[in-house]
>>> print(open('model_23.cif').read())   # mmCIF, C-alpha atoms
data_query
loop_
_atom_site.label_atom_id
_atom_site.label_comp_id
_atom_site.auth_asym_id
_atom_site.auth_seq_id
_atom_site.Cartn_x
_atom_site.Cartn_y
_atom_site.Cartn_z
CA MET V 25 22.65 1.33 10.73
CA LYS V 26 26.03 -0.29 10.24
CA THR V 27 29.41 1.38 10.41
CA ALA V 28 30.53 2.00 6.84
CA VAL V 29 33.78 0.97 5.23
CA TYR V 30 36.03 3.15 3.07
CA TRP V 31 36.02 6.51 4.83
CA LYS V 32 38.26 8.63 7.05
CA LYS V 33 37.81 11.16 9.81
CA LEU V 34 38.42 14.83 9.16
CA THR V 35 38.44 17.80 11.49
CA ALA V 36 35.37 19.45 13.06
CA GLY V 37 33.39 16.21 13.08
CA LYS V 38 33.46 15.82 9.31
CA VAL V 39 34.25 12.62 7.44
CA SER V 40 35.41 11.85 3.90
CA CYS V 41 33.70 8.95 2.13
CA LEU V 42 36.15 6.95 0.00
CA LEU V 43 33.72 4.49 -1.57
CA CYS V 44 33.15 6.27 -4.88
CA PRO V 45 34.89 9.00 -6.91
CA HIS V 46 32.66 11.75 -5.51
CA ALA V 47 34.81 11.65 -2.34
CA CYS V 48 32.03 13.41 -0.41
CA VAL V 49 33.06 15.46 2.61
CA ILE V 50 30.14 14.96 4.98
CA ALA V 51 29.34 17.11 8.01
CA ASP V 52 27.87 15.67 11.20
CA GLY V 53 24.19 14.85 10.72
CA LYS V 54 24.42 14.92 6.91
CA THR V 55 24.63 12.37 4.11
CA GLY V 56 26.72 12.11 0.97
CA LEU V 57 25.34 12.65 -2.52
CA CYS V 58 24.00 9.10 -2.47
CA ARG V 59 21.68 10.04 0.46
CA VAL V 60 22.40 6.82 2.34
CA ARG V 61 25.90 7.15 3.82
CA TYR V 62 25.37 9.14 6.97
CA ASN V 63 27.74 10.93 9.35
CA LEU V 64 26.69 10.55 12.98
CA ASN V 65 29.02 12.11 15.54
CA GLY V 66 32.05 11.76 13.28
CA THR V 67 31.43 8.15 12.23
CA LEU V 68 30.16 7.18 8.79
CA TYR V 69 27.27 4.71 8.69
CA SER V 70 25.29 2.92 6.03
CA SER V 71 21.65 3.82 6.66
CA ILE V 72 20.39 1.09 4.28
CA TYR V 73 22.30 -1.90 5.60
CA ALA V 74 20.10 -5.05 5.53
CA GLU V 75 17.08 -3.07 4.34
CA THR V 76 15.39 -3.61 0.98
CA THR V 77 12.72 -1.85 -1.05
CA SER V 78 12.45 -4.35 -3.90
CA ILE V 79 12.59 -8.16 -4.02
CA ASN V 80 11.64 -10.21 -7.07
CA LEU V 81 12.49 -13.47 -8.79
CA ASP V 82 13.38 -12.17 -12.25
CA PRO V 83 14.43 -13.71 -15.55
CA ILE V 84 18.17 -13.22 -15.92
CA GLU V 85 17.41 -11.62 -19.30
CA LYS V 86 15.79 -8.70 -17.47
CA LYS V 87 19.11 -7.51 -16.00
CA PRO V 88 19.87 -7.63 -19.00
CA LEU V 89 22.29 -10.56 -19.18
CA TYR V 90 22.02 -12.66 -22.34
CA HIS V 91 25.21 -14.70 -22.03
CA PHE V 92 24.81 -15.75 -18.39
CA TYR V 93 22.73 -18.88 -17.82
CA PRO V 94 20.01 -17.89 -20.32
CA GLY V 95 16.48 -18.87 -19.38
CA SER V 96 17.25 -18.98 -15.65
CA ARG V 97 15.72 -17.01 -12.78
CA ILE V 98 17.59 -14.93 -10.25
CA LEU V 99 16.53 -13.36 -6.95
CA SER V 100 16.80 -9.61 -7.46
CA VAL V 101 17.12 -7.23 -4.52
CA GLY V 102 17.52 -3.46 -4.20
CA THR V 103 17.17 -0.60 -1.78
CA ASN V 104 17.30 3.23 -1.69
CA GLY V 105 19.90 5.60 -3.04
CA CYS V 106 22.31 6.17 -5.91
CA ASN V 107 25.56 8.07 -6.40
CA PHE V 108 24.29 9.45 -9.71
CA ALA V 109 21.41 11.87 -10.24
CA CYS V 110 20.27 11.02 -13.77
CA SER V 111 17.27 13.09 -14.81
CA PHE V 112 15.90 10.08 -16.74
CA CYS V 113 16.27 7.52 -13.93
CA GLN V 114 13.98 4.57 -14.57
CA ASN V 115 13.83 3.62 -10.86
CA TRP V 116 13.83 7.14 -9.40
CA GLU V 117 11.21 6.33 -6.74
CA ILE V 118 13.80 4.30 -4.84
CA SER V 119 17.15 5.48 -6.21
CA GLN V 120 16.57 9.21 -5.82
CA THR V 121 14.87 9.12 -2.40
CA GLU V 122 16.17 8.59 1.11
CA GLN V 123 13.46 6.19 2.22
CA SER V 124 10.70 4.37 0.37
CA GLY V 125 9.06 1.47 2.16
CA ARG V 126 12.18 -0.37 3.22
CA GLN V 127 11.88 -3.65 5.05
CA LYS V 128 14.55 -5.46 7.02
CA MET V 129 16.19 -8.49 5.47
CA SER V 130 19.49 -9.92 6.63
CA SER V 131 22.14 -11.41 4.39
CA ALA V 132 21.31 -14.88 5.68
CA GLU V 133 17.61 -14.39 4.97
CA THR V 134 18.37 -13.15 1.46
CA VAL V 135 20.47 -16.22 0.70
CA GLU V 136 17.84 -18.53 2.19
CA LEU V 137 15.18 -16.92 0.00
CA ALA V 138 17.31 -17.43 -3.10
CA VAL V 139 17.83 -21.10 -2.29
CA ALA V 140 14.17 -21.70 -1.49
CA GLY V 141 13.06 -20.04 -4.72
CA GLY V 142 15.30 -22.16 -6.91
CA SER V 143 17.25 -19.10 -8.02
CA ILE V 144 20.66 -19.41 -9.63
CA GLY V 145 21.83 -16.66 -7.31
CA ILE V 146 21.32 -13.07 -6.24
CA ALA V 147 21.28 -9.93 -8.39
CA TYR V 148 21.95 -6.64 -6.61
CA THR V 149 19.97 -4.26 -8.77
CA TYR V 150 17.15 -1.68 -9.08
CA ASN V 151 19.20 1.04 -7.35
CA GLU V 152 23.01 1.38 -7.30
CA PRO V 153 24.47 -1.67 -5.50
CA PHE V 154 27.90 -0.19 -4.83
CA ILE V 155 26.47 2.28 -2.29
CA TRP V 156 24.97 -0.77 -0.52
CA PHE V 157 28.51 -2.06 -0.29
CA GLU V 158 28.56 -3.48 3.23
CA PHE V 159 25.42 -5.56 2.71
CA VAL V 160 26.32 -6.65 -0.82
CA LEU V 161 29.79 -7.85 0.20
CA GLU V 162 28.47 -9.75 3.22
CA THR V 163 25.63 -11.34 1.24
CA ALA V 164 27.84 -12.21 -1.73
CA LYS V 165 30.23 -14.10 0.54
CA LEU V 166 27.38 -16.12 2.06
CA ALA V 167 25.88 -16.75 -1.36
CA ARG V 168 29.18 -18.06 -2.69
CA LYS V 169 29.33 -20.57 0.17
CA LYS V 170 25.92 -21.86 -0.94
CA LYS V 171 27.20 -22.09 -4.54
CA LEU V 172 24.90 -19.29 -5.68
CA ARG V 173 25.96 -16.79 -8.35
CA ASN V 174 26.30 -13.09 -7.57
CA VAL V 175 25.33 -10.46 -10.14
CA LEU V 176 25.72 -6.67 -10.07
CA VAL V 177 23.62 -4.33 -12.19
CA THR V 178 25.52 -1.09 -11.74
CA ASN V 179 26.55 2.32 -13.02
CA GLY V 180 30.17 1.33 -12.35
CA TYR V 181 30.91 4.47 -10.34
CA VAL V 182 33.14 3.11 -7.58
CA ASN V 183 36.74 3.47 -6.46
CA ALA V 184 39.32 0.83 -7.34
CA GLU V 185 39.92 -0.49 -3.80
CA PRO V 186 36.31 -1.37 -2.88
CA LEU V 187 35.79 -2.75 -6.39
CA GLY V 188 38.82 -4.97 -5.94
CA GLU V 189 37.50 -6.25 -2.62
CA LEU V 190 34.09 -7.18 -4.02
CA LEU V 191 35.02 -8.56 -7.46
CA PRO V 192 36.29 -11.98 -6.25
CA TYR V 193 32.72 -12.76 -5.16
CA ILE V 194 30.99 -11.48 -8.32
CA ASP V 195 30.18 -13.80 -11.22
CA ALA V 196 28.61 -11.35 -13.66
CA MET V 197 27.92 -7.65 -14.10
CA ASN V 198 25.79 -5.54 -16.34
CA ILE V 199 27.39 -2.09 -16.33
CA ASP V 200 25.60 0.99 -17.65
CA LEU V 201 27.81 2.83 -20.09
CA LYS V 202 25.50 5.83 -20.24
CA SER V 203 27.51 7.70 -22.85
CA ILE V 204 31.00 8.01 -24.22
CA ASN V 205 30.71 11.79 -23.79
CA ALA V 206 32.27 13.10 -20.57
CA ASP V 207 30.05 16.19 -20.62
CA PHE V 208 26.95 13.99 -20.60
CA TYR V 209 28.16 12.30 -17.42
CA LYS V 210 28.96 15.64 -15.80
CA LYS V 211 25.78 17.52 -16.74
CA THR V 212 23.16 14.78 -16.83
CA CYS V 213 24.39 12.15 -14.38
CA LYS V 214 26.36 14.40 -12.00
CA GLY V 215 29.32 12.06 -12.28
CA SER V 216 32.26 11.38 -14.57
CA LEU V 217 33.07 8.93 -17.34
CA GLU V 218 36.63 7.82 -16.63
CA PRO V 219 35.92 5.92 -13.37
CA VAL V 220 33.18 3.99 -15.16
CA LYS V 221 35.58 2.99 -17.91
CA LYS V 222 38.11 1.85 -15.29
CA THR V 223 35.45 -0.28 -13.60
CA ILE V 224 34.52 -1.88 -16.93
CA GLU V 225 38.12 -2.63 -17.81
CA SER V 226 38.97 -4.06 -14.37
CA SER V 227 35.80 -6.15 -14.17
CA LEU V 228 36.27 -7.71 -17.60
CA LYS V 229 39.45 -9.34 -16.26
CA GLN V 230 37.64 -11.06 -13.38
CA CYS V 231 34.03 -11.85 -14.28
CA HIS V 232 31.48 -11.96 -17.07
CA VAL V 233 30.51 -8.42 -18.16
CA GLU V 234 27.78 -7.11 -20.44
CA LEU V 235 27.22 -3.42 -21.14
CA THR V 236 24.03 -1.39 -21.54
CA ASN V 237 23.57 1.98 -23.21
CA LEU V 238 20.21 3.70 -22.70
CA LEU V 239 19.65 5.91 -25.74
CA VAL V 240 18.04 9.14 -24.49
CA THR V 241 16.48 11.21 -27.25
CA GLY V 242 18.57 14.27 -28.06
CA LYS V 243 20.99 13.66 -25.18
CA ASN V 244 23.38 10.82 -25.95
CA ASP V 245 22.11 9.46 -29.26
CA SER V 246 24.10 11.41 -31.84
CA GLU V 247 25.77 9.36 -34.53
CA THR V 248 29.17 10.77 -33.51
CA ASP V 249 28.79 9.64 -29.91
CA LEU V 250 27.34 6.32 -30.98
CA VAL V 251 30.32 5.52 -33.20
CA LYS V 252 32.77 6.55 -30.45
CA LEU V 253 30.99 4.34 -27.93
CA ILE V 254 31.04 1.37 -30.29
CA ASP V 255 34.72 1.94 -30.99
CA TYR V 256 35.45 1.97 -27.27
CA VAL V 257 33.56 -1.29 -26.67
CA SER V 258 35.14 -3.01 -29.66
CA GLY V 259 38.51 -1.98 -28.28
CA LEU V 260 37.69 -3.99 -25.16
CA GLY V 261 36.94 -7.02 -27.34
CA LYS V 262 34.59 -7.96 -30.16
CA ASP V 263 32.86 -10.49 -27.92
CA VAL V 264 31.70 -8.05 -25.21
CA PRO V 265 27.86 -8.11 -25.36
CA LEU V 266 26.37 -4.63 -25.84
CA HIS V 267 22.71 -3.83 -25.17
CA PHE V 268 21.01 -0.70 -26.47
CA SER V 269 17.89 0.13 -24.48
CA ARG V 270 14.93 2.36 -25.27
CA TYR V 271 14.29 5.40 -23.08
CA PHE V 272 10.81 6.60 -22.09
CA PRO V 273 9.99 10.00 -20.50
CA ILE V 274 10.15 9.66 -16.73
CA TYR V 275 11.22 11.50 -13.57
CA LYS V 276 12.64 14.88 -14.69
CA SER V 277 13.04 14.05 -18.39
CA THR V 278 10.42 15.08 -20.92
CA GLU V 279 12.23 14.22 -24.14
CA PRO V 280 10.15 11.91 -26.38
CA ALA V 281 10.73 8.18 -26.21
CA THR V 282 13.61 6.84 -28.24
CA PRO V 283 12.34 6.00 -31.73
CA ALA V 284 12.51 2.29 -32.45
CA ALA V 285 14.39 3.15 -35.63
CA ALA V 286 17.15 4.79 -33.57
CA LEU V 287 17.69 1.58 -31.63
CA ARG V 288 17.73 -0.50 -34.77
CA PHE V 289 20.26 1.89 -36.32
CA ALA V 290 22.47 1.61 -33.21
CA GLU V 291 22.19 -2.17 -33.34
CA PHE V 292 23.00 -2.27 -37.07
CA THR V 293 25.98 0.07 -36.65
CA ALA V 294 27.41 -1.81 -33.68
CA LYS V 295 27.16 -5.19 -35.39
CA LYS V 296 29.76 -4.02 -37.89
CA LYS V 297 32.37 -4.20 -35.11
CA LEU V 298 30.86 -6.35 -32.35
CA ASN V 299 29.71 -9.96 -32.38
CA TYR V 300 26.86 -9.67 -29.87
CA VAL V 301 24.57 -6.63 -30.00
CA TYR V 302 21.00 -6.41 -28.72
CA ALA V 303 18.23 -3.80 -28.82
CA GLY V 304 15.91 -3.89 -25.81
CA ASN V 305 12.86 -2.34 -24.20
CA LEU V 306 10.98 -2.45 -27.47
CA ASP V 307 7.48 -3.77 -28.23
CA ALA V 308 7.55 -7.31 -29.59
CA GLU V 309 11.23 -7.46 -28.68
CA LYS V 310 12.95 -10.46 -30.24
CA ASN V 311 16.67 -10.89 -29.76
CA SER V 312 18.69 -13.81 -30.97
CA THR V 313 22.23 -14.84 -30.17
CA CYS V 314 23.85 -16.06 -33.36
CA CYS V 315 27.16 -17.74 -33.98
CA PRO V 316 29.54 -15.09 -35.34
CA LYS V 317 31.39 -17.73 -37.35
CA CYS V 318 28.61 -19.61 -39.21
CA LYS V 319 25.69 -17.17 -38.48
CA THR V 320 23.45 -19.95 -37.10
CA GLU V 321 20.75 -18.82 -34.65
CA LEU V 322 21.63 -20.40 -31.30
CA ILE V 323 19.37 -18.69 -28.74
CA ARG V 324 16.02 -17.17 -29.68
CA ARG V 325 14.34 -14.82 -27.22
CA ASN V 326 10.91 -13.26 -27.03
CA GLY V 327 11.07 -10.43 -24.51
CA PHE V 328 12.54 -11.95 -21.35
CA SER V 329 11.74 -15.53 -22.39
CA VAL V 330 14.08 -17.96 -24.10
CA GLU V 331 12.17 -19.87 -26.78
CA ILE V 332 15.04 -21.89 -28.24
CA ASN V 333 18.53 -22.68 -26.94
CA LEU V 334 20.62 -24.78 -29.30
CA LEU V 335 23.98 -24.31 -27.61
CA LYS V 336 25.99 -27.44 -27.03
CA GLY V 337 27.56 -26.52 -23.72
CA SER V 338 29.18 -23.19 -24.61
CA ASN V 339 29.60 -24.02 -28.27
CA CYS V 340 27.69 -23.61 -31.50
CA PHE V 341 26.00 -26.94 -32.22
CA LYS V 342 26.74 -26.57 -35.92
CA CYS V 343 30.35 -25.41 -36.26
CA GLY V 344 31.64 -25.76 -32.69
CA HIS V 345 32.60 -22.10 -32.27
CA LYS V 346 32.83 -21.18 -28.57
CA ILE V 347 30.32 -18.53 -27.46
CA PRO V 348 31.58 -16.28 -24.64
CA GLY V 349 29.64 -16.33 -21.39
CA CYS V 350 28.42 -18.74 -18.73
CA PHE V 351 26.02 -21.44 -19.84
CA LYS V 352 24.48 -24.55 -18.31
#
>>> encode(input="model_23.cif", output="structure tokens")
Amino acid sequence: MKTAVYWKKLTAGKVSCLLCPHACVIADGKTGLCRVRYNLNGTLYSSIYAETTSINLDPIEKKPLYHFYPGSRILSVGTNGCNFACSFCQNWEISQTEQSGRQKMSSAETVELAVAGGSIGIAYTYNEPFIWFEFVLETAKLARKKKLRNVLVTNGYVNAEPLGELLPYIDAMNIDLKSINADFYKKTCKGSLEPVKKTIESSLKQCHVELTNLLVTGKNDSETDLVKLIDYVSGLGKDVPLHFSRYFPIYKSTEPATPAAALRFAEFTAKKKLNYVYAGNLDAEKNSTCCPKCKTELIRRNGFSVEINLLKGSNCFKCGHKIPGCFK
């Protein structure tokens, strides 16, 4: 274990964790809601420091990031725990458990593995990377020295101070905007919406950001909520990429899978106000990035594979319009 950051001592051996908005008050011998920040004799520790459950060399499109070095591969690492408790969690075996086959891997070893594998960098993903804060910060600093990119795939539920400390070392983020309905966050995720919005807005000022909304049947897929979510994203900027993803029954959720038509409707509706909208997790998924000015297809994808990339640097080869993102 490693002594945690962002906490303070309280009376009677208790501590207060200051990493995320839950502000857990943790008694001696107990953990916070994330299950991995542990109070031992009045000191808060990270019980997952330098321990991983999942390591893969993934297509960057799997994060999903479509405007960040498309067609490249990135070393993806994750561990146990999450500060949300979503009933539909797609990675519940690791995120909603305290321990699940972790193996030790130091920051230096992680960076060395990324270099050896020809990865563009490291993606902290699979579970919630912000609760792995000590390891992620340390590894991101080492990765930056090796000129590797750092990517977060996150729920965005973190306090402003730790976010501000980590952001200078982060090149891209995919942030889950699970709903625009505060009640959904409270009842289904056991969290709150406003801190997520603050994370999105702060991060957009410092790194490349794409957003993902998992459409859960009967939970967050009403037309009213969909329009409000699109309005919020368009208010951030018409060029913010928005991914709609298909839900399947898993963990504690038994609602039927999101109909493909619902995703296509969300995509169609969002494209009225946003320049880059994608529908994912569908059979025979094909997503193209098109120039919003001349409508030319620039990047054609088949699942997680890039079949065609006609960008000229960051610009449309036909009309020269600049496409937002990071490209080779």
>>> atom_distance(input="model_23.cif", atom1="CA of Phe351 (chain V)", atom2="CA of Phe92 (chain V)")
6.0 Å
>>> resolve_selection(input="model_23.cif", expression="the PyMOL selection byres ((chain V and resi 39-41) around 9)", output="list in words")
Ala28, Val29, Tyr30, Trp31, Lys32, Lys33, Leu34, Thr35, Ala36, Gly37, Lys38, Leu42, Leu43, Cys44, His46, Ala47, Cys48, Val49, Ile50, Ala51, Asp52, Gly56, Arg61, Asn63, Gly66, Thr67 and Leu68 of chain V
>>> resolve_selection(input="model_23.cif", expression="the PyMOL selection byres ((chain V and resi 109) around 6)", output="list of chain:residue names")
V:Phe108, V:Cys110, V:Cys213, V:Lys214
>>> write_last_selection(input="model_23.cif", atoms="C-alpha atoms", output="short mmCIF file (atom, residue, chain, number, x, y, z; two decimals), in the coordinates of the input")
data_model
loop_
_atom_site.label_atom_id
_atom_site.label_comp_id
_atom_site.auth_asym_id
_atom_site.auth_seq_id
_atom_site.Cartn_x
_atom_site.Cartn_y
_atom_site.Cartn_z
CA PHE V 108 24.29 9.45 -9.71
CA CYS V 110 20.27 11.02 -13.77
CA CYS V 213 24.39 12.15 -14.38
CA LYS V 214 26.36 14.40 -12.00
#
>>> resolve_selection(input="model_23.cif", expression="the PyMOL selection byres ((chain V and resi 215) around 12)", output="mmCIF file with C-alpha atoms, in the frame of the given file")
data_model
loop_
_atom_site.group_PDB
_atom_site.id
_atom_site.type_symbol
_atom_site.label_atom_id
_atom_site.label_comp_id
_atom_site.auth_asym_id
_atom_site.auth_seq_id
_atom_site.Cartn_x
_atom_site.Cartn_y
_atom_site.Cartn_z
ATOM 1 C CA CYS V 44 33.150 6.270 -4.880
ATOM 2 C CA PRO V 45 34.890 9.000 -6.910
ATOM 3 C CA HIS V 46 32.660 11.750 -5.510
ATOM 4 C CA ALA V 47 34.810 11.650 -2.340
ATOM 5 C CA LEU V 57 25.340 12.650 -2.520
ATOM 6 C CA CYS V 58 24.000 9.100 -2.470
ATOM 7 C CA CYS V 106 22.310 6.170 -5.910
ATOM 8 C CA ASN V 107 25.560 8.070 -6.400
ATOM 9 C CA PHE V 108 24.290 9.450 -9.710
ATOM 10 C CA ALA V 109 21.410 11.870 -10.240
ATOM 11 C CA CYS V 110 20.270 11.020 -13.770
ATOM 12 C CA ASN V 179 26.550 2.320 -13.020
ATOM 13 C CA GLY V 180 30.170 1.330 -12.350
ATOM 14 C CA TYR V 181 30.910 4.470 -10.340
ATOM 15 C CA VAL V 182 33.140 3.110 -7.580
ATOM 16 C CA LYS V 202 25.500 5.830 -20.240
ATOM 17 C CA SER V 203 27.510 7.700 -22.850
ATOM 18 C CA ASN V 205 30.710 11.790 -23.790
ATOM 19 C CA ALA V 206 32.270 13.100 -20.570
ATOM 20 C CA ASP V 207 30.050 16.190 -20.620
ATOM 21 C CA PHE V 208 26.950 13.990 -20.600
ATOM 22 C CA TYR V 209 28.160 12.300 -17.420
ATOM 23 C CA LYS V 210 28.960 15.640 -15.800
ATOM 24 C CA LYS V 211 25.780 17.520 -16.740
ATOM 25 C CA THR V 212 23.160 14.780 -16.830
ATOM 26 C CA CYS V 213 24.390 12.150 -14.380
ATOM 27 C CA LYS V 214 26.360 14.400 -12.000
ATOM 28 C CA SER V 216 32.260 11.380 -14.570
ATOM 29 C CA LEU V 217 33.070 8.930 -17.340
ATOM 30 C CA GLU V 218 36.630 7.820 -16.630
ATOM 31 C CA PRO V 219 35.920 5.920 -13.370
ATOM 32 C CA VAL V 220 33.180 3.990 -15.160
#
>>> atom_distance(input="model_23.cif", atom1="CA of Cys340 (chain V)", atom2="CA of Tyr90 (chain V)")
15.4 Å
>>> closest_residue(input="model_23.cif", among="V:Val177, V:Ile144, V:Val257, V:Cys113", to="Pro273 (chain V)", atoms="all atoms listed in the file")
V:Cys113
>>> residues_near_point(input="model_23.cif", point="(17.5, -16.4, -8.2)", cutoff="6 Å", atoms="all atoms listed in the file", output="JSON, numbers by chain")
{"V": [81, 97, 98, 99, 138, 143, 144, 145, 146]}
>>> residues_near_point(input="model_23.cif", point="(16.4, 13.3, -30.4)", cutoff="9 Å", atoms="all atoms listed in the file", output="PyMOL selection string")
chain V and resi 240-246+279-283
>>> build_atoms(input="model_23.cif", residues="region 175-196 of chain V", atoms="N, CA and C atoms", output="CSV table (one decimal), in the coordinates of the input")
chain,number,residue,atom,x,y,z
V,175,VAL,N,25.4,-11.3,-9.0
V,175,VAL,CA,25.3,-10.5,-10.1
V,175,VAL,C,25.1,-9.0,-9.7
V,176,LEU,N,25.9,-8.1,-10.3
V,176,LEU,CA,25.7,-6.7,-10.1
V,176,LEU,C,25.1,-6.0,-11.3
V,177,VAL,N,24.1,-5.2,-11.1
V,177,VAL,CA,23.6,-4.3,-12.2
V,177,VAL,C,23.9,-2.9,-11.7
V,178,THR,N,24.9,-2.3,-12.4
V,178,THR,CA,25.5,-1.1,-11.7
V,178,THR,C,25.9,0.0,-12.7
V,179,ASN,N,26.0,1.2,-12.2
V,179,ASN,CA,26.6,2.3,-13.0
V,179,ASN,C,28.1,2.3,-13.1
V,180,GLY,N,28.7,1.5,-12.3
V,180,GLY,CA,30.2,1.3,-12.4
V,180,GLY,C,30.9,2.4,-11.7
V,181,TYR,N,30.2,3.3,-10.9
V,181,TYR,CA,30.9,4.5,-10.3
V,181,TYR,C,31.4,4.1,-8.9
V,182,VAL,N,32.6,3.6,-8.9
V,182,VAL,CA,33.1,3.1,-7.6
V,182,VAL,C,34.7,3.2,-7.7
V,183,ASN,N,35.3,3.4,-6.5
V,183,ASN,CA,36.7,3.5,-6.5
V,183,ASN,C,37.4,2.1,-6.6
V,184,ALA,N,38.6,2.1,-7.0
V,184,ALA,CA,39.3,0.8,-7.3
V,184,ALA,C,39.4,-0.1,-6.1
V,185,GLU,N,39.7,0.4,-4.9
V,185,GLU,CA,39.9,-0.5,-3.8
V,185,GLU,C,38.7,-1.3,-3.4
V,186,PRO,N,37.5,-0.6,-3.2
V,186,PRO,CA,36.3,-1.4,-2.9
V,186,PRO,C,35.9,-2.3,-4.0
V,187,LEU,N,36.1,-1.9,-5.3
V,187,LEU,CA,35.8,-2.8,-6.4
V,187,LEU,C,36.6,-4.0,-6.3
V,188,GLY,N,37.9,-3.8,-6.0
V,188,GLY,CA,38.8,-5.0,-5.9
V,188,GLY,C,38.5,-5.9,-4.8
V,189,GLU,N,37.9,-5.4,-3.7
V,189,GLU,CA,37.5,-6.2,-2.6
V,189,GLU,C,36.3,-7.1,-3.0
V,190,LEU,N,35.4,-6.5,-3.7
V,190,LEU,CA,34.1,-7.2,-4.0
V,190,LEU,C,34.2,-8.1,-5.2
V,191,LEU,N,35.0,-7.8,-6.2
V,191,LEU,CA,35.0,-8.6,-7.5
V,191,LEU,C,35.3,-10.1,-7.3
V,192,PRO,N,36.1,-10.5,-6.4
V,192,PRO,CA,36.3,-12.0,-6.2
V,192,PRO,C,35.0,-12.8,-6.0
V,193,TYR,N,34.0,-12.1,-5.5
V,193,TYR,CA,32.7,-12.8,-5.2
V,193,TYR,C,31.6,-12.5,-6.2
V,194,ILE,N,32.0,-11.8,-7.3
V,194,ILE,CA,31.0,-11.5,-8.3
V,194,ILE,C,31.2,-12.4,-9.6
V,195,ASP,N,30.1,-12.9,-10.1
V,195,ASP,CA,30.2,-13.8,-11.2
V,195,ASP,C,29.9,-13.1,-12.5
V,196,ALA,N,29.0,-12.1,-12.4
V,196,ALA,CA,28.6,-11.4,-13.7
V,196,ALA,C,28.2,-9.9,-13.3
